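K.L.:
Take a look at this one; I'll ask things after.
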Amino acid sequence: TSSAYPVTCRFPEKIDFASALSTGQPGSWTDQGTVYTSSSSSDYNAIDPNLFVDDDGKWWLSFGSWWTGIKMIQINPSSGKQLSSNTTRYSLASRPTGTKAVEAPFIVKRGGYYYLFASYDTCCAGTGSTYKVKVGRAGSITGPYRDKNGVSMMSNGGTPVLESHGSIVGPGGQSIMNDVDGDLIVYHYYDANDNGTPELGINLLNWSSGWPVAY
C-alpha cells in the first residue's frame with residue numbers, strides 16, 4: 001500500500017517475503033516471514049520494496065517513503081532475507097528540507113548507469129494529487145544518485161520524467177518494464193476528464209539522451 005498519507009500510515013511497517021516452489025498459483029505460496037521492518041522510533045519507512053539483481057547476481061532491495069527517504073539493503077538470494085555479511089542500510093534519496101515526500105523506488109540499469117526512479121509529492125487525493133516521477137543515475141547500485149543537473153537525490157534532486165499534464169493528474173507509483181518495443185513506464189494517475197477516476201498509464205521511454213524521456 002502507498003504511504004502517501006504519512007500521518008495515518010505511520011508505523012509499524014514491514015516488508016514480508018513469500019515463495020512459490022511450484023506453479024505460483026493461489027495456494028502454492030509459503031510465507032517466509034519478515035524481511036525488514038520499521039517502527040515508531042525509525043526515521044525511515046519499510047514500504048514500497050523493489051528488488052534489483054545486478055550483473056554479478058547480487059540482490060538489492062530498495063524501499064522507503066517520506067521521512068529520511070529511500071533506503072536499500074543487500075539481500076541473500078538463498079533466503080530472501082538481509083545478507084548477514086552486509087547489514088548496511090544505504091540511503092539513496094531524501095528531501096532534507098521542506099516536504100519529505102519521496103517514495104516508491106524502482107531501479108534499472110541502462111548503458112552502464114543505474115537509474116533510480118521515485119515518486120515525489122502526494123498521491124491519493126484525486127485531481128488534487130501532486131504526484132510526479134523523477135529520476136537520477138549513478139555508477140554504483142548504492143549511489144550516489146544525481147539528476148541531469150548534477151544535484152544529489154539525497155538533497156532533493158531528481159530529473160522529471162512524468163508530471164501532471166492535460167487530463168493526466170498525479171502520475172506516479174511507477175514501474176519500468178522492458179518490452180518488445182523498448183522500455184515501458186507503467187504508473188497510476190487520475191483522469192481529470194472523468195471526475196478524477198484512477199487510471200493505469202503506460203508510456204514508452206526513450207534513452208537516446210542518456211536520460212529516460214516518456215513519450
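In the C-alpha cells, the first chain shown is A, the next is B, and so on; residue numbers restart at 1 for each chain, and ligands run from 1 in the order shown.
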I need the helix (DSSP H, G or I) residues of range 13-180 of chain A per DSSP on the backbone, written as a ChimeraX atom specification.
P.N.:
/A:126-128,153-155
K.L.:
Apply DSSP to the structure's backbone, then extract all residues of range 127-191 of chain A labelled strand (DSSP E or B) and return them as a PyMOL selection string.
P.N.:
chain A and resi 132-138+146+152+159-162+165+168-179+182-191
K.L.:
For range 21-128 of chain A versus range 136-143 of chain A, which residues have an atom no more than 12 Å away, and what is each residue's nearest atom pair and distance in Å rounded to one decimal, using only C-alpha atoms, chain-then-number order, as a tab-separated table?
P.N.:
```
residue	atom	partner	partner_atom	distance
A:Leu51	CA	A:Ile141	CA	11.8
A:Phe52	CA	A:Ile141	CA	9.1
A:Val53	CA	A:Ile141	CA	10.0
A:Asp54	CA	A:Ile141	CA	8.1
A:Asp55	CA	A:Ile141	CA	10.6
A:Asp56	CA	A:Ile141	CA	11.6
A:Lys58	CA	A:Ile141	CA	10.4
A:Trp59	CA	A:Ile141	CA	10.4
A:Trp60	CA	A:Ile141	CA	8.3
A:Leu61	CA	A:Thr142	CA	10.5
A:Ser62	CA	A:Thr142	CA	9.5
A:Ile70	CA	A:Thr142	CA	11.1
A:Lys71	CA	A:Thr142	CA	9.3
A:Met72	CA	A:Thr142	CA	7.4
A:Ile73	CA	A:Thr142	CA	9.0
A:Gln74	CA	A:Thr142	CA	9.7
A:Thr88	CA	A:Thr142	CA	10.5
A:Arg89	CA	A:Thr142	CA	9.8
A:Tyr90	CA	A:Thr142	CA	6.6
A:Ser91	CA	A:Thr142	CA	7.9
A:Leu92	CA	A:Gly143	CA	6.3
A:Ala93	CA	A:Gly136	CA	9.1
A:Pro105	CA	A:Gly136	CA	11.0
A:Phe106	CA	A:Gly136	CA	10.9
A:Ile107	CA	A:Ile141	CA	8.6
A:Val108	CA	A:Ile141	CA	9.4
A:Lys109	CA	A:Ile141	CA	8.8
A:Arg110	CA	A:Arg137	CA	9.7
A:Gly111	CA	A:Gly139	CA	10.2
A:Gly112	CA	A:Gly139	CA	7.1
A:Tyr113	CA	A:Gly139	CA	5.2
A:Tyr114	CA	A:Ala138	CA	5.2
A:Tyr115	CA	A:Arg137	CA	4.3
A:Leu116	CA	A:Gly136	CA	5.4
A:Phe117	CA	A:Gly136	CA	6.8
A:Ala118	CA	A:Gly136	CA	8.8
A:Ser119	CA	A:Gly136	CA	11.8
```
K.L.:
At a cut-off of 6 Å, using only C-alpha atoms, what residues contact Lys81 in chain A? Leave out same-chain residues fewer than 5 positions from it and give the result as an MDAnalysis selection string.
P.N.:
chainID A and resid 35 75:76
K.L.:
Env of Glu13 in chain A: 7 Å cut, atoms = only C-alpha atoms, seq-sep filter 2 positions within chain, self excluded. Answer as a compact mmCIF listing (two decimals) with all heavy atoms, in the first residue's frame.
P.N.:
```txt
# COMPACT_ATOMS: atom_id res chain seq x y z
N PHE A 11 3.41 4.00 11.51
CA PHE A 11 4.19 2.82 11.84
C PHE A 11 3.32 1.85 12.62
O PHE A 11 2.34 2.27 13.23
CB PHE A 11 5.41 3.19 12.69
CG PHE A 11 6.43 4.02 11.98
CD1 PHE A 11 6.71 5.30 12.42
CD2 PHE A 11 7.12 3.54 10.88
CE1 PHE A 11 7.66 6.07 11.78
CE2 PHE A 11 8.07 4.30 10.24
CZ PHE A 11 8.34 5.57 10.69
N THR A 37 11.75 -4.36 8.77
CA THR A 37 10.68 -3.63 9.46
C THR A 37 11.13 -2.21 9.80
O THR A 37 12.31 -1.90 9.88
CB THR A 37 10.26 -4.32 10.76
OG1 THR A 37 11.39 -4.35 11.66
CG2 THR A 37 9.78 -5.73 10.51
N SER A 38 10.15 -1.35 10.00
CA SER A 38 10.38 -0.05 10.62
C SER A 38 9.41 0.08 11.78
O SER A 38 8.35 -0.55 11.79
CB SER A 38 10.16 1.08 9.61
OG SER A 38 8.88 0.99 9.01
N SER A 39 9.79 0.86 12.77
CA SER A 39 8.98 1.01 13.97
C SER A 39 8.76 2.49 14.27
O SER A 39 9.21 3.36 13.51
CB SER A 39 9.67 0.34 15.17
OG SER A 39 10.83 1.08 15.52
N ASN A 45 10.80 4.28 6.42
CA ASN A 45 9.55 3.55 6.36
C ASN A 45 9.75 2.30 5.49
O ASN A 45 10.12 2.41 4.32
CB ASN A 45 8.47 4.45 5.74
CG ASN A 45 7.07 4.05 6.13
OD1 ASN A 45 6.86 3.08 6.84
ND2 ASN A 45 6.10 4.80 5.64
N ALA A 46 9.53 1.13 6.06
CA ALA A 46 9.73 -0.14 5.33
C ALA A 46 8.49 -0.43 4.49
O ALA A 46 7.61 -1.19 4.90
CB ALA A 46 10.02 -1.28 6.30
N ILE A 47 8.44 0.17 3.30
CA ILE A 47 7.29 0.04 2.42
C ILE A 47 7.76 0.25 0.99
O ILE A 47 8.85 0.76 0.74
CB ILE A 47 6.20 1.07 2.82
CG1 ILE A 47 4.84 0.71 2.24
CG2 ILE A 47 6.61 2.48 2.47
CD1 ILE A 47 3.71 1.56 2.79
```
K.L.:
Report, in Å with one decimal, the straight-line distance from CA of Tyr44 in chain A to CA of Met154 in chain A.
P.N.:
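According to the coordinates, CA of Tyr44 in chain A and CA of Met154 in chain A are separated by 13.7 Å.
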K.L.:
Using only C-alpha atoms, which protein or nucleic acid residues come within 7 Å of Val169 in chain A? Drop anything in the same chain fewer than 4 positions from it, and give the result as a ChimeraX atom specification.
P.N.:
/A:127,129,164-165,189-192
K.L.:
Quick one: distance from CA of Asp183 in chain A to CA of Tyr215 in chain A in Å, one decimal?
P.N.:
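These two atoms are separated by 10.9 Å.
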